[in-house]
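Trainee: Below is one structure. I have some questions about it.
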Amino acid sequence: MSLVTVDDLRVAFGGTPVVHGVSFEIGAGECLALVGESGSGKSVTARTLVGLTGAGSRVTAAGLTFDGQDLTRLRERGWRRLRGGRIGFVLQDALVSLDPLRKVGKEIEDVLAAHTDLSGPARKARVVELLASVGVPEPELRAGQLPHELSGGLRQRALIATALAAGPELIIVDEPTTALDVTIQAQVLDLLAGIKAEGRSLLVISHDLAVVARLADRVAVMKDGVIVEQGPSSEVLTRPEHEYTKKLLRAIPAEHTKGTRLSGTVPPAGATGPRRPRGEVVLRARDIGKSFGDRVAVNGVSFELRAAETLGIVGESGSGKTTTARIALGLTPPDTGAVEVHGRPWTRGDRAQRRDVQVVYQDTLASFDPRHTVAKILAEALDVAGVPRERRRARSIELLELVGLGEEHLGRRPLKLSGGQRQRVAIARALAPSPSVIVCDEPVSALDVSVQAQVLDLLEDVQRETGVAYLFISHDLGVVHHLCDRVLVMKDGSVVEEGPVETVFREPAHPYTKELVAAIPRLTTAV
Amino acid sequence: MNRIGVWLAVAVLTVLVLAALVPGLFTGQDPLAVDSGATLQPPSAAHLLGTDENGRDVFARIVHGTRASLLLGFGAIAVALVFGGLLGLAAGLGNRIVENVIMRLSDVGMAFPELLLALVVITVAGGGTGNAILAIGVANIPSYARLVRAQTLAIRRAGYVEAAYALGLPGPRVILRHVLPNAVKPVLILATIGVGTALVAGSALSFLGLGTPPPEPEWGSMLSTARNFISRAWWYGLFPGLAITLTVISVTVVGRALRLRSEGRTG
Amino acid sequence: MKTLTFIGWRLLAGLGVLWGAATLTFLVVHFTPGDPAEAVVGGEGAAPTPEVLAQVRAEYGLDRPWFEQYVSHLWRIAHGDFGTSYRLHTPVTQAIGEQAAATVELAVAAALTGLFLAVAIALATAGRRRWRGLASVVELVAASTPTFWLGIVLLTVFSFGLRLLPSTGGQGFASLVLPALCLALPIAGVLGHVLREALEEVLEEPFIVSARARGLSDTVVRLRHALRHALTPLVTMTGFWVGALLGGAVVTETLFTRQGIGRLLVSAVNAKDLPLVLGVVLLSALVYVLVNLLVDLLYLVIDPRLKEAA
């Protein structure tokens, strides 16, 4: 018999339905993955199982049971016994899912106090056992620390320990690896696999098909509040039936997608020809270094970027890749070394040079003045570029068309645009002064995979049309492999390996690169 | 706050501004006309809100007092905004030394409670409506200086300011086009709410006999006299205070609504 | 160790503020129009002889250069000598000392009442749809009501209407109830509003949802997790509530004809008794600095993460 049955589940917030009739089952010891992009209703669906959909929500279902118990008839007291006791729930980001003002051990003790008869000292001992069991070294020490004193990986483990504490039959994990570096991601996935091996059921919520491929027995793909396809992982991921699943799988950037169009759209007329050959060196960093106090952020980094070329910089958080980008942009002066644009070092007040290197950020919304419309944002960039006032509107429309938007977007404010549209406007703004280089700092990290696919395709189209060079900063090795010609691998402020992407990813020389490449989550088979 | 409440508050404020500009619209009675035959009369058809100890019409005095009371609130905040704003901008945009001097001075200013600092100004300069405005305004300068500086600094660190620099926009234009307009708006909105507290502080001065002097009608000074007749004339002590409270509530509701709207748009 | 350095810096900053406050009082005395010597001898109508004025000038050091006067001004204040009241002809510290107990009693009673009301109402209503609307209206009205009018209303109802409580005087608990309530309610309105908004923000945090997902009850979640976070904005409002208590005391004591520093201050302002006014103001700055120091320490207890930041 199934542990969980969900039949025709519907959830509405204030009269607006967000989940329209979802049905699935989870067997004992089975792992089901609920996959979808933002707004697909996957998290809300998972929360109905613990009765935490929040104020103003209305949940109805033909059947919603856990171990034979009807959840739709449950009252608050009954829910409390279930939550943490029989169903463990792990929210996405451990940094914000553990109370920042309480010791990690206390959070685990709360669960034991609520669901077991253990005495105070017995609870403390159990906390240490639990932390050890999820692979936290020095558990006694860690139990007495606050969440911010733990690294991201340890924090995630501690959060999982709170969910495991009372020995629940089902664990729900919501985006278990999203905020983590790729090597830590792999460790957390191993930990979850271990929990499954103990015979517990798992419900994994994720936007990342590659992540769930490693863990799930069955996959359900959600879109706009309905499950469009579900079945055994091996089938869904290798022989998808539904158009949407196919599109999602095709959109995942990786080694084999290089040179293909991720979004499956036809390129615009100007971008159909062969790629432009690499040109002269447009940006050169010579042995740059930067420290903040005692901390060395960047240490002796050198690179060359040629016209029409894409150079990737990959590294995990704290590797110094963002500081390198800011130095390349001329926004942070380096302590040692220099960055040259067309052979000239950054010079304060040289506006022609300033215009020649532009930037696209991850958080585009923050990079637009909230009071300005798209028209004003582009007009300002064109003004800086010296385009006379009367030609700005026409040129703005040209730029918008180049990035796949149109005149109708001129009057909008950034807040009224979707994430993908905002990124397009940001690219249009960067293109306005006709720069030689665009520094892209994690430009697709905040986007859903299908939108990411469109933006990556757009970047390639723009390069074919204009010959602009990209310095592309990313933590996502798949994206870098797909887009970049050459790559620098950074760790602790230094470049540990560099070369053409194919060479670096296929035959990594440095042990750290090997570790990184091995940790990349992959779909079992190429599609 | 719901929509009806906000519109109600806007309506109250409109009436108040009208009463301050053209009091004759609301009452035909003379707020200074003494009638020794009708002292401390309870509310009636002839005297809607009763009369005071000199037989003057309380309603007429409240209507005619609107001007002085609103002037106290708005005037004081204007003083604080202009001087505090300039100091705050200097601290937020200037170099480290300027910033430190201004901020340490404001630390000292913040150590004095608003009303006490105002009392010092009154002791030195004397009472009266003008000096009360000045006193409350001066007492509020340090907090507005801090507010404006904090806003300016926050915006200077915003992503779009860096983006403007990266685009190649010259420094002064970044400040004029992006920093100032974005910093000013939230400050103005908070100042709206500040008008309410300034009005309370100003009428407190009048209540202590240090603001608007009698027989000039002003809500605080009316209450100052009314408190001698609490046992005999409840209407006299009730209505002027109700006017103050209603004004403060309306100003606060409108200010909060403006804040919510602006935050909703930017965040 | 870090905590000690932090306290050291805060102490130093507090001393700096007091120094600034003392300097400000010096400037006020120095730049006030009129001859301070005449004020000492007894106001405009006294018409003292030039010899008497010269004697007063010599006695108060008014004939010496400004920087000598400044240094001796600071020196005297550092030793607790705030000068002599023009009007009472007694030392300012003595005049204040005689009135201090009554004001402290009032302020403490009001502070505790206000804090209790704010926390209780915020905890009970935050995030609870049916109650929060009502609570926010009550808070708004309380926060918008001027102390002096609230006092008049309380007196009308409880002293003259129901005859339950005395209207004036400073003897016993019964005479403290109305003034303390009158001072506490507007403060409770403001603090309650801030606290409730902070609580509602915290209750949306993922770690609160996580705590609920562990099977904790709503009450436990509010008390154990949410309250501590919501206290932080309350603590940053020290300036507001110290100011509201001291400023409110001036009004409340006048209205209820209670003994206290506030009434002393009002009579000093009316008599243009500058040393006494400045003495009270300096004292309030001292109270502010001390309270702030305590609050900074409290902050470290509430949020241990700040220890590292400090």
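By convention in this document, the chains of the structure tokens carry letters A, B, ... by their order, each chain's residues are numbered from 1, and ligands are numbered from 1 in the order they are shown.
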Do me a favour and pick out the residues of chain C within 8 Å of chain B, using only C-alpha atoms, as number ranges by chain.
Mentor: C: 17-18, 20-21, 28, 32-33, 140-141, 144-146, 148-149, 152-153, 155-156, 160, 239, 242-244, 246-247, 251, 254-255, 266, 269-270, 272-274, 277-278, 281-282, 284-286, 288-289
Trainee: Select from chain B every residue with an atom at most 12 Å from any atom of chain A, then for each give the shortest pair of atoms and their distance in Å to one decimal, using only C-alpha atoms, rows by chain and rising number, as a tab-separated table.
Mentor:
residue	atom	partner	partner_atom	distance
B:Ile155	CA	A:Asp369	CA	10.0
B:Arg156	CA	A:Asp369	CA	11.7
B:Arg157	CA	A:Ala366	CA	10.5
B:Ala158	CA	A:Ala366	CA	7.0
B:Gly159	CA	A:Ser367	CA	4.4
B:Tyr160	CA	A:Ser367	CA	3.8
B:Val161	CA	A:Ser367	CA	7.4
B:Glu162	CA	A:Ser367	CA	7.5
B:Ala163	CA	A:Ser367	CA	5.7
B:Ala164	CA	A:Ser367	CA	8.4
B:Tyr165	CA	A:Leu331	CA	8.2
B:Ala166	CA	A:Gln358	CA	6.6
B:Leu167	CA	A:Arg355	CA	6.2
B:Gly168	CA	A:Arg354	CA	5.5
B:Leu169	CA	A:Val384	CA	6.2
B:Pro170	CA	A:Gly349	CA	8.2
B:Gly171	CA	A:Gly349	CA	10.0
B:Arg173	CA	A:Glu380	CA	10.8
B:Val174	CA	A:Glu380	CA	10.7
B:Arg177	CA	A:Asp369	CA	9.5
B:His178	CA	A:Asp369	CA	6.9
B:Val179	CA	A:Asp369	CA	9.4
B:Leu180	CA	A:Asp369	CA	11.7
B:Pro181	CA	A:Arg371	CA	8.8
B:Asn182	CA	A:Arg371	CA	7.9
B:Ala183	CA	A:Arg371	CA	11.6
B:Lys185	CA	A:Arg371	CA	10.8
B:Ser262	CA	A:Pro370	CA	10.2
B:Glu263	CA	A:Pro370	CA	10.5
B:Gly264	CA	A:Leu415	CA	10.0
B:Arg265	CA	A:Leu415	CA	7.4
B:Thr266	CA	A:Pro370	CA	5.8
B:Gly267	CA	A:Leu415	CA	8.4
Trainee: Any chance you could export the current selection's N, CA and C atoms as a short mmCIF file (atom, residue, chain, number, x, y, z; two decimals), in the first residue's frame?
Mentor:
data_model
loop_
_atom_site.label_atom_id
_atom_site.label_comp_id
_atom_site.auth_asym_id
_atom_site.auth_seq_id
_atom_site.Cartn_x
_atom_site.Cartn_y
_atom_site.Cartn_z
N ILE B 155 21.15 54.30 -1.12
CA ILE B 155 20.97 54.40 -2.57
C ILE B 155 22.32 54.43 -3.29
N ARG B 156 23.31 55.06 -2.64
CA ARG B 156 24.63 55.08 -3.28
C ARG B 156 25.16 53.67 -3.48
N ARG B 157 24.72 52.75 -2.62
CA ARG B 157 25.19 51.37 -2.73
C ARG B 157 24.27 50.52 -3.61
N ALA B 158 23.18 51.09 -4.09
CA ALA B 158 22.21 50.29 -4.86
C ALA B 158 22.82 49.81 -6.17
N GLY B 159 22.30 48.68 -6.64
CA GLY B 159 22.80 48.09 -7.88
C GLY B 159 22.73 49.05 -9.05
N TYR B 160 21.63 49.83 -9.13
CA TYR B 160 21.47 50.67 -10.32
C TYR B 160 22.44 51.85 -10.32
N VAL B 161 22.95 52.24 -9.14
CA VAL B 161 23.95 53.30 -9.12
C VAL B 161 25.27 52.77 -9.66
N GLU B 162 25.62 51.55 -9.24
CA GLU B 162 26.83 50.96 -9.80
C GLU B 162 26.68 50.75 -11.31
N ALA B 163 25.47 50.31 -11.69
CA ALA B 163 25.23 50.09 -13.12
C ALA B 163 25.40 51.39 -13.90
N ALA B 164 24.96 52.51 -13.31
CA ALA B 164 25.11 53.80 -13.99
C ALA B 164 26.58 54.18 -14.14
N TYR B 165 27.37 53.92 -13.09
CA TYR B 165 28.81 54.18 -13.20
C TYR B 165 29.44 53.29 -14.27
N ALA B 166 29.03 52.01 -14.28
CA ALA B 166 29.60 51.07 -15.23
C ALA B 166 29.27 51.48 -16.66
N LEU B 167 28.11 52.11 -16.81
CA LEU B 167 27.69 52.58 -18.13
C LEU B 167 28.56 53.73 -18.60
N GLY B 168 29.16 54.44 -17.64
CA GLY B 168 30.01 55.57 -18.00
C GLY B 168 29.38 56.91 -17.69
N LEU B 169 28.30 56.92 -16.90
CA LEU B 169 27.67 58.18 -16.51
C LEU B 169 28.59 58.90 -15.53
N PRO B 170 28.86 60.20 -15.74
CA PRO B 170 29.74 60.92 -14.83
C PRO B 170 29.13 61.03 -13.43
N GLY B 171 29.99 61.08 -12.39
CA GLY B 171 29.57 61.08 -10.99
C GLY B 171 28.45 62.05 -10.65
N ARG B 173 26.25 63.40 -12.42
CA ARG B 173 24.98 63.07 -13.04
C ARG B 173 24.35 61.84 -12.40
N VAL B 174 25.19 60.91 -11.95
CA VAL B 174 24.63 59.75 -11.25
C VAL B 174 23.90 60.23 -10.00
N ARG B 177 20.68 62.26 -11.13
CA ARG B 177 19.65 61.50 -11.82
C ARG B 177 19.15 60.32 -11.01
N HIS B 178 20.03 59.67 -10.24
CA HIS B 178 19.63 58.42 -9.59
C HIS B 178 19.59 58.53 -8.07
N VAL B 179 20.65 59.09 -7.47
CA VAL B 179 20.71 59.07 -6.00
C VAL B 179 19.67 60.00 -5.40
N LEU B 180 19.69 61.27 -5.78
CA LEU B 180 18.78 62.23 -5.16
C LEU B 180 17.30 61.87 -5.31
N PRO B 181 16.83 61.65 -6.55
CA PRO B 181 15.39 61.39 -6.67
C PRO B 181 14.95 60.17 -5.86
N ASN B 182 15.78 59.14 -5.84
CA ASN B 182 15.37 57.94 -5.11
C ASN B 182 15.49 58.10 -3.61
N ALA B 183 16.38 59.00 -3.15
CA ALA B 183 16.53 59.19 -1.72
C ALA B 183 15.45 60.12 -1.17
N LYS B 185 12.28 60.64 -2.07
CA LYS B 185 10.89 60.21 -1.97
C LYS B 185 10.56 59.55 -0.62
N SER B 262 4.71 53.13 -2.32
CA SER B 262 6.03 53.28 -2.93
C SER B 262 6.85 52.02 -2.73
N GLU B 263 6.69 51.35 -1.59
CA GLU B 263 7.43 50.11 -1.38
C GLU B 263 6.92 49.02 -2.29
N GLY B 264 5.61 49.01 -2.49
CA GLY B 264 5.02 48.02 -3.38
C GLY B 264 5.57 48.13 -4.78
N ARG B 265 5.88 49.36 -5.16
CA ARG B 265 6.36 49.53 -6.52
C ARG B 265 7.83 49.19 -6.65
N THR B 266 8.61 49.50 -5.61
CA THR B 266 10.05 49.28 -5.76
C THR B 266 10.47 47.92 -5.25
N GLY B 267 9.68 47.31 -4.38
CA GLY B 267 10.18 46.07 -3.78
C GLY B 267 9.26 44.97 -3.98
#
Trainee: Using only C-alpha atoms, tabulate the residues of chain C lying at most 9 Å from any atom of chain A, each with its closest atom pair and that distance in Å to one decimal, by chain and increasing residue number, as CSV.
Mentor:
residue,atom,partner,partner_atom,distance
C:Gly127,CA,A:Ala55,CA,8.9
C:Arg129,CA,A:Ala55,CA,8.7
C:Glu205,CA,A:Val96,CA,7.4
C:Pro206,CA,A:Ser97,CA,4.9
C:Phe207,CA,A:Ser97,CA,3.8
C:Ile208,CA,A:Ser97,CA,7.5
C:Val209,CA,A:Leu52,CA,7.6
C:Ser210,CA,A:Ser97,CA,6.0
C:Ala211,CA,A:Glu107,CA,8.1
C:Arg212,CA,A:Arg83,CA,7.5
C:Ala213,CA,A:Arg83,CA,5.1
C:Arg214,CA,A:Gly84,CA,3.9
C:Gly215,CA,A:Arg80,CA,4.2
C:Leu216,CA,A:Arg80,CA,6.6
C:Ser217,CA,A:Arg80,CA,7.1
C:His225,CA,A:Asp99,CA,7.0
C:Arg228,CA,A:Leu101,CA,8.1
C:His229,CA,A:Leu101,CA,7.9
C:Ile302,CA,A:Leu101,CA,7.8
C:Asp303,CA,A:Leu101,CA,6.2
C:Pro304,CA,A:Leu101,CA,7.1
C:Arg305,CA,A:Leu101,CA,7.6
Trainee: For the residues selected in the previous step, produce a file with C-alpha atoms as a PDB file, in the first residue's frame.
Mentor:
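And here's result_31.pdb as it stands now:
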ATOM      1  CA  GLY C 127      -0.659  37.532  11.830  1.00  0.00           C
ATOM      2  CA  ARG C 129      -6.498  38.029  10.567  1.00  0.00           C
ATOM      3  CA  GLU C 205      10.413  33.696   7.509  1.00  0.00           C
ATOM      4  CA  PRO C 206      11.343  30.202   6.310  1.00  0.00           C
ATOM      5  CA  PHE C 207      12.762  29.261   9.721  1.00  0.00           C
ATOM      6  CA  ILE C 208       9.330  29.851  11.255  1.00  0.00           C
ATOM      7  CA  VAL C 209       7.702  27.609   8.662  1.00  0.00           C
ATOM      8  CA  SER C 210      10.463  25.092   9.410  1.00  0.00           C
ATOM      9  CA  ALA C 211       9.711  25.272  13.128  1.00  0.00           C
ATOM     10  CA  ARG C 212       6.019  24.658  12.438  1.00  0.00           C
ATOM     11  CA  ALA C 213       6.979  21.780  10.154  1.00  0.00           C
ATOM     12  CA  ARG C 214       8.720  20.199  13.153  1.00  0.00           C
ATOM     13  CA  GLY C 215       5.370  20.008  14.942  1.00  0.00           C
ATOM     14  CA  LEU C 216       5.739  22.995  17.302  1.00  0.00           C
ATOM     15  CA  SER C 217       2.575  24.769  18.384  1.00  0.00           C
ATOM     16  CA  HIS C 225      11.400  31.971  17.754  1.00  0.00           C
ATOM     17  CA  ARG C 228      13.315  37.451  19.963  1.00  0.00           C
ATOM     18  CA  HIS C 229      13.699  38.560  16.364  1.00  0.00           C
ATOM     19  CA  ILE C 302      19.311  39.189  21.913  1.00  0.00           C
ATOM     20  CA  ASP C 303      21.464  38.770  18.818  1.00  0.00           C
ATOM     21  CA  PRO C 304      24.799  37.068  19.534  1.00  0.00           C
ATOM     22  CA  ARG C 305      25.802  37.459  15.881  1.00  0.00           C
TER      23      ARG C 305
END
Trainee: Could you list, as a list in words, every residue within 8 Å of region 3-5 of chain A, counting only C-alpha atoms and ignoring same-chain residues fewer than 6 positions away?
Mentor: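 Contacts, with the query itself left out: Ser23, Phe24, Glu25, Ile26, Gly27, Ala28, Gly63, Leu64, Thr65, Phe66, Asp67 and Gly68 of chain A.
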Trainee: Go ahead and save the residues from that selection, with N, CA and C atoms, as an mmCIF file, in the first residue's frame.
Mentor:
data_model
loop_
_atom_site.group_PDB
_atom_site.id
_atom_site.type_symbol
_atom_site.label_atom_id
_atom_site.label_comp_id
_atom_site.auth_asym_id
_atom_site.auth_seq_id
_atom_site.Cartn_x
_atom_site.Cartn_y
_atom_site.Cartn_z
ATOM 1 N N SER A 23 -2.550 14.448 -8.955
ATOM 2 C CA SER A 23 -2.673 13.125 -8.338
ATOM 3 C C SER A 23 -1.337 12.400 -8.405
ATOM 4 N N PHE A 24 -0.921 11.826 -7.296
ATOM 5 C CA PHE A 24 0.266 10.957 -7.307
ATOM 6 C C PHE A 24 0.266 10.104 -6.054
ATOM 7 N N GLU A 25 1.145 9.114 -6.044
ATOM 8 C CA GLU A 25 1.290 8.266 -4.860
ATOM 9 C C GLU A 25 2.762 8.120 -4.554
ATOM 10 N N ILE A 26 3.072 7.895 -3.291
ATOM 11 C CA ILE A 26 4.450 7.602 -2.922
ATOM 12 C C ILE A 26 4.425 6.303 -2.127
ATOM 13 N N GLY A 27 5.141 5.300 -2.614
ATOM 14 C CA GLY A 27 5.186 4.024 -1.916
ATOM 15 C C GLY A 27 6.192 4.052 -0.780
ATOM 16 N N ALA A 28 6.104 3.076 0.121
ATOM 17 C CA ALA A 28 7.053 3.002 1.228
ATOM 18 C C ALA A 28 8.451 2.789 0.661
ATOM 19 N N GLY A 63 -8.865 12.832 -2.566
ATOM 20 C CA GLY A 63 -8.188 11.974 -1.607
ATOM 21 C C GLY A 63 -6.849 12.562 -1.248
ATOM 22 N N LEU A 64 -6.566 12.621 0.052
ATOM 23 C CA LEU A 64 -5.256 13.113 0.506
ATOM 24 C C LEU A 64 -4.965 12.328 1.775
ATOM 25 N N THR A 65 -4.199 11.247 1.628
ATOM 26 C CA THR A 65 -3.991 10.404 2.808
ATOM 27 C C THR A 65 -2.520 10.150 3.052
ATOM 28 N N PHE A 66 -2.206 9.949 4.331
ATOM 29 C CA PHE A 66 -0.867 9.544 4.730
ATOM 30 C C PHE A 66 -1.026 8.315 5.607
ATOM 31 N N ASP A 67 -0.475 7.200 5.206
ATOM 32 C CA ASP A 67 -0.564 5.959 5.944
ATOM 33 C C ASP A 67 -2.031 5.635 6.283
ATOM 34 N N GLY A 68 -2.896 5.857 5.319
ATOM 35 C CA GLY A 68 -4.305 5.550 5.504
ATOM 36 C C GLY A 68 -5.106 6.619 6.227
#
Trainee: So which residues touch region 400-412 of chain A within 9 Å, counting only C-alpha atoms, skipping near sequence neighbours fewer than 2 positions away, as a list in words?
Mentor: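 My reading of the contact set: Pro268, His372, Thr373, Val374, Ala375, Lys376, Leu378, Arg395, Ser396, Ile397, Glu398, Pro414, Leu415, Lys416, Leu417, Gln421, Arg424, Val425, Ile427, Ala428, Val455, Leu458, Leu459, Asp461 and Val462 of chain A.
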Trainee: If you count only C-alpha atoms, which residues fall within 10 Å of Ala161 (chain A), apart from same-chain ones fewer than 4 positions away, as a list in words?
Mentor: Gly88, Val90, Val104, Gly105, Glu107, Ile108, Val127, Glu129, Leu130, Leu131, Ala132, Ser133, Val134, Gly135, Val136, Arg155, Gln156, Arg157, Ala165, Ala166 and Gly167 of chain A
